[in-house]
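Participant: The following block contains the structure, expressed as structure tokens.
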Amino acid sequence: MADSSQDTKPGGVLALAGGVGGAKLALGLSRVLAPEDLTVVVNTGDDEIFYGLHVSPDIDTVTYSLAGLANPETGWGFAGDTFNALETLGTLGADTWFGLGDHDLALHIRRSDMLRSGMTLSEVTLELSNRMGVRHPIVPMSDQRVSTVIESSDGEMPFQEYFVHRRSEPDVLGLRFDGVKLAKPAPVFAASIQNASAIVFCPSNPFLSVDPILAIPGTKVGIADSGVPRVIVSPIIGGQAIKGPAARIFETFANKPPSALAVAQHYAGLATHFVMDTVDEASRSEVEALGYTVLVTETLMTSEEHKIALAKAVCEMVGVPV
């Protein structure tokens, strides 16, 4: 078992997030930590241009969640949104498979206008999230464009084509992060790696949501060498992903059945602590053998109370006061 008595440096919690699962724990962390004690860095490999607008799906999911505006039925999108503009776009001949609501479109119009004015994605994200009432910093992984490309059984395709249009149906044979070699971690992200008292990998898809973040030059090494507790919260519960194609990707891309152990193996050597659900407790000793300090608890977040409880458990595990 890994040593859990590591010294921590001054600073707050750095949370890495993407998608609905990541947004859920980010919300829980925001409820137990002050704004100065939490930074949420979000995957932008999913970003795409639709109708000439810059869309940042993972940033928007995290922002809507922390602002209390997320659709409770899906975990993403704006609660109670309407789709009048999308319907009109369809009648005008536009392809409307990426379902952007009216509130979404307003956000994307404003983001795109700000980016065209010369602001960075970090600056735009901070201002827009603040205007939606979010006080905890939400930070893109990079201000440079990085695009996740799926190498699938049906050929190469952009992430949103695979995930939304094709409903994650093609088998994933490989991944590519276009532009990542020229990207840099966003300034607040780079500073947070240096100053964090703990780093939390939210329960996001390891391949599609977290690996793009870690692929930015210097990021993975910086995290591994940070000297602070680094916690993986497994997105796989009982061999299943709660949201998204993570389980299938383990089978077809990683060539192993989805499990908490498979998640632990994916991050072996990078993190020090691991959180798994009670249904996966049988694999605890195997995960500990990889060098992790392990916490077994309920990780399924079906209510805000569950999100807060898990956030508290994660913080207490690594000695972060809440």
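Following the order of the structure tokens, first chain is A, next is B, and so on, with residues numbered from 1 inside each chain and ligands from 1 in the order they appear.
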I'd like the neighbourhood of segment 203-210 of chain A as a PyMOL selection string, where a residue qualifies if any of its atoms comes within 9 Å (using only C-alpha atoms), though same-chain residues fewer than 2 positions away should be ignored.
Facilitator: chain A and resi 16-25+42-46+58+148+159+175+201+212-215+232-236+241+243-247+249-250+263+266-267
Participant: Name all residues at most 12 Å from His103 of chain A (count only C-alpha atoms; drop same-chain ones fewer than 2 positions away) and give them as a list in words.
Facilitator: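 The residues satisfying every condition are Asp60, Tyr64, Leu69, Ala70, Asn71, Gly77, Phe78, Ala79, Gly80, Asp81, Thr82, Phe83, Asn84, Ala85, Leu86, Gly99, Leu100, Gly101, Leu105, Ala106, Leu107, His108, Ile109, Arg110 and Met132 of chain A.
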Participant: So which bits of segment 109-268 of chain A end up strand (DSSP E) when you DSSP the backbone, as number ranges by chain?
Facilitator: A: 138-140, 147-152, 155-158, 172-178, 198-201, 230-233, 236-237, 240-241
Participant: I'd like the interatomic distance between atom CA of Val231 of chain A and atom CA of Gly68 of chain A, to a tenth of an Å.
Facilitator: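 The value is 25.5 Å.
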Participant: By how many Å are atom CA of His273 of chain A and atom CA of Thr299 of chain A apart?
Facilitator: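 Value for the atom CA of His273 of chain A-atom CA of Thr299 of chain A distance: 14.7 Å.
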Participant: Can you list every residue in segment 150-319 of chain A that DSSP puts in helix (DSSP H, G or I), as JSON, numbers by chain?
Facilitator: {"A": [159, 160, 161, 162, 163, 164, 165, 180, 181, 182, 187, 188, 189, 190, 191, 192, 193, 194, 195, 206, 207, 208, 209, 210, 211, 212, 213, 214, 219, 220, 221, 222, 223, 224, 246, 247, 248, 249, 250, 251, 252, 260, 261, 262, 263, 264, 265, 266, 278, 279, 280, 281, 282, 283, 284, 285, 286, 287, 288, 304, 305, 306, 307, 308, 309, 310, 311, 312, 313, 314, 315, 316, 317]}
Participant: Between A:Phe50, A:Trp97, A:Phe274, A:Trp76, which one has atoms that come closest to Thr63 of chain A, using only C-alpha atoms?
Facilitator: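 Of the candidates, the smallest distance to Thr63 of chain A is held by A:Trp76.
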Participant: Considering only C-alpha atoms, state which residue in the set A:Ala262, A:Leu295, A:Leu115, A:Leu128 is at the smallest distance from Val275 of chain A.
Facilitator: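 Counting only C-alpha atoms, the residue closest to Val275 of chain A is A:Leu295.
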